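Trainee: One structure is given below, represented as structure tokens, and several questions about it will come after.
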Amino acid sequence: MAAEADELKALHEFAVELAGAAMRTIAASRPEPATAGTKADAADWVTPFDREVERLTRDEIGRRFPGHRVVGEEYGAGDGDGFTWYVDPIDGTTNFVHGLPWSSYSLAGFDEDGVAVGVVADPARGEILSAVRGGGAFADGLPVSCRQVDSLAGEVLLTEWSKNRPWPGMYTVLTEVSDRFGATRIMGSCALALASVGAGRAAGALIPGRYNLWDVAAGALIAREGGALVHGRDGVSGGVPEDGILAAAPGVADEIWQLWRAAA
């Protein structure tokens with residue numbers, strides 16, 4: 001069943017606690033390519049710290065909410081039913097391995113009505129972006145909101161590769177944004193890109209490539225609760241689209257979506 005408002009508030013506070021613990025572990029870690037491994041291919045990095053953070057998250061959820069289910073990037077789906085947590089212990093592991101300061105911890109909790117709470121922690125900034133369904137978006141507990149703009153000129157659109165390759169129409173979209181005097185950035189963490197829209201740091205984030213729920217669910221909730229519109233390929237979505245996702249300030253959301261649709 002769907003969580004009540006008081007329960008959502010408690011789950012949000014719990015998620016923020018988990019994000020803080022994860023952020024401290026990640027910030028204290030010093031990975032390097034020589035000691036990291038790979039999974040599906042040579043561009044798919046994993047470190048012992050990815051696994052450590054996910055284990056810590058799973059252990060704490062199991063201790064506090066033994067009936068909850070956890071689905072994570074490193075250890076897959078656990079047992080349980082009802083409320084489900086999706087965790088990416090380090091989104092942007094390539095950056096993390098190479099010492100680049102753009103990676104994140106992402107955790108989203110789902111009930112029968114969809115994403116209920118979400119947190120995206122940025123270890124480099126020492127900051128936790130979060131949201132609770134119907135309750136707003138926050139940066140370290142303070143309310144945040146998306147940008148109030150009606151033009152791409154001078155604004156930033158974030159995107160990501162599809163794995164390590166361009167997604168269909170990517171170069172066309174980036175060129176069109178540039179022609180409108182907007183800037184584009186490919187930073188390396190889907191979760192942090194989407195959450196940055198809700199925090200008002202980018203006009204939009206477009207992630208059309210392959211992803212899992214743990215990559216985008218928390219960031220999408222933070223964007224939406226910050227006032228952004230969330231689109232799938234077929235239009236505005238109230239959930240987490242499976243066919244690509246755009247989160248953008250209302251004044252430019254349709255323009256970016258039209259560029260994406262025309263280029264695909």
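In the structure tokens, the first chain shown is A, the next is B, and so on; residue numbers restart at 1 for each chain, and ligands run from 1 in the order shown.
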Based on DSSP run over this structure's backbone, return all residues of segment 115-232 of chain A in strand (DSSP E), as a PDB file with C-alpha atoms, in the first residue's frame.
Mentor:
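Output below, filename selection.pdb:
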```
ATOM      1  CA  VAL A 115       8.864   6.719  -6.134  1.00  0.00           C
ATOM      2  CA  ALA A 116       8.191   7.892  -2.589  1.00  0.00           C
ATOM      3  CA  VAL A 117      11.568   9.185  -1.387  1.00  0.00           C
ATOM      4  CA  GLY A 118      14.921   9.778  -3.026  1.00  0.00           C
ATOM      5  CA  VAL A 119      18.407  10.905  -2.079  1.00  0.00           C
ATOM      6  CA  VAL A 120      21.460  11.718  -4.196  1.00  0.00           C
ATOM      7  CA  ALA A 121      24.623  12.412  -2.211  1.00  0.00           C
ATOM      8  CA  ASP A 122      27.563  14.287  -3.721  1.00  0.00           C
ATOM      9  CA  GLU A 127      26.026  17.628   0.051  1.00  0.00           C
ATOM     10  CA  ILE A 128      22.846  15.570   0.085  1.00  0.00           C
ATOM     11  CA  LEU A 129      20.057  16.377  -2.374  1.00  0.00           C
ATOM     12  CA  SER A 130      16.773  14.729  -1.436  1.00  0.00           C
ATOM     13  CA  ALA A 131      13.038  14.699  -1.999  1.00  0.00           C
ATOM     14  CA  VAL A 132       9.863  13.241  -0.586  1.00  0.00           C
ATOM     15  CA  GLY A 136       9.441  19.138  -1.976  1.00  0.00           C
ATOM     16  CA  ALA A 137      13.136  18.888  -2.769  1.00  0.00           C
ATOM     17  CA  PHE A 138      16.031  19.768  -0.486  1.00  0.00           C
ATOM     18  CA  ALA A 139      19.769  20.388  -0.364  1.00  0.00           C
ATOM     19  CA  LEU A 142      16.943  23.376   2.891  1.00  0.00           C
ATOM     20  CA  PRO A 143      14.261  23.717   0.174  1.00  0.00           C
ATOM     21  CA  VAL A 144      15.453  24.035  -3.417  1.00  0.00           C
ATOM     22  CA  VAL A 156      23.021  24.402 -19.179  1.00  0.00           C
ATOM     23  CA  LEU A 157      21.633  21.096 -20.450  1.00  0.00           C
ATOM     24  CA  LEU A 158      23.221  18.025 -18.868  1.00  0.00           C
ATOM     25  CA  THR A 159      23.301  14.665 -20.605  1.00  0.00           C
ATOM     26  CA  ALA A 183      25.727  25.035 -23.015  1.00  0.00           C
ATOM     27  CA  THR A 184      25.834  21.248 -22.740  1.00  0.00           C
ATOM     28  CA  ARG A 185      27.809  19.137 -20.302  1.00  0.00           C
ATOM     29  CA  ILE A 186      28.482  15.401 -20.002  1.00  0.00           C
ATOM     30  CA  GLY A 204      17.551  20.336 -17.904  1.00  0.00           C
ATOM     31  CA  ALA A 205      19.004  16.843 -17.938  1.00  0.00           C
ATOM     32  CA  LEU A 206      18.377  14.472 -20.835  1.00  0.00           C
ATOM     33  CA  ILE A 207      19.211  10.769 -20.344  1.00  0.00           C
ATOM     34  CA  LEU A 229       8.751  18.540 -15.581  1.00  0.00           C
ATOM     35  CA  VAL A 230       9.716  14.946 -16.280  1.00  0.00           C
ATOM     36  CA  HIS A 231       9.206  13.583 -19.799  1.00  0.00           C
ATOM     37  CA  GLY A 232       9.588  10.209 -21.404  1.00  0.00           C
TER      38      GLY A 232
END
```
Trainee: At a cut-off of 10 Å, using only C-alpha atoms, what residues contact segment 41-51 of chain A? Leave out same-chain residues fewer than 6 positions from it and give the result as a list in words.
Mentor: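 The contact residues come out as Ala22, Thr25, Ile26, Ala28, Ser29, Arg30, Pro31, Glu32, Pro33, Thr35, Thr57, Gly72, Glu73, Glu74, Tyr75, Asp88, Pro89, Ile90, Asp91, Gly92, Thr93, Thr94, Asn95, Phe96, Val97, Tyr105, Lys163 and Asn164 of chain A.
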Trainee: Quick one: of A:Ala108, A:Ala2, A:Ile222, A:Ala202, who's nearest to Phe14 of chain A, counting only C-alpha atoms?
Mentor: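 Of A:Ala108, A:Ala2, A:Ile222, A:Ala202, the one nearest Phe14 of chain A, counting only C-alpha atoms, is A:Ala108.
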Trainee: Under the rule that only C-alpha atoms are counted, which of A:Ala27, A:Ala40, A:Leu259, A:Ala3 is the nearest residue to Phe83 of chain A?
Mentor: A:Ala3
Trainee: So, with only C-alpha atoms as the atoms that count, which of A:Gly141, A:His68, A:Glu52, A:Asp113 lies closest to His12 of chain A?
Mentor: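 Using only C-alpha atoms, His12 of chain A sits closest to A:Gly141.
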Trainee: Neighbouring residues of Arg210 of chain A were defined as those with any atom within 12 Å, considering only C-alpha atoms; residues of the same chain fewer than 6 positions away were excluded. Please report them as a PyMOL selection string.
Mentor: chain A and resi 160-168+190+216+241-245
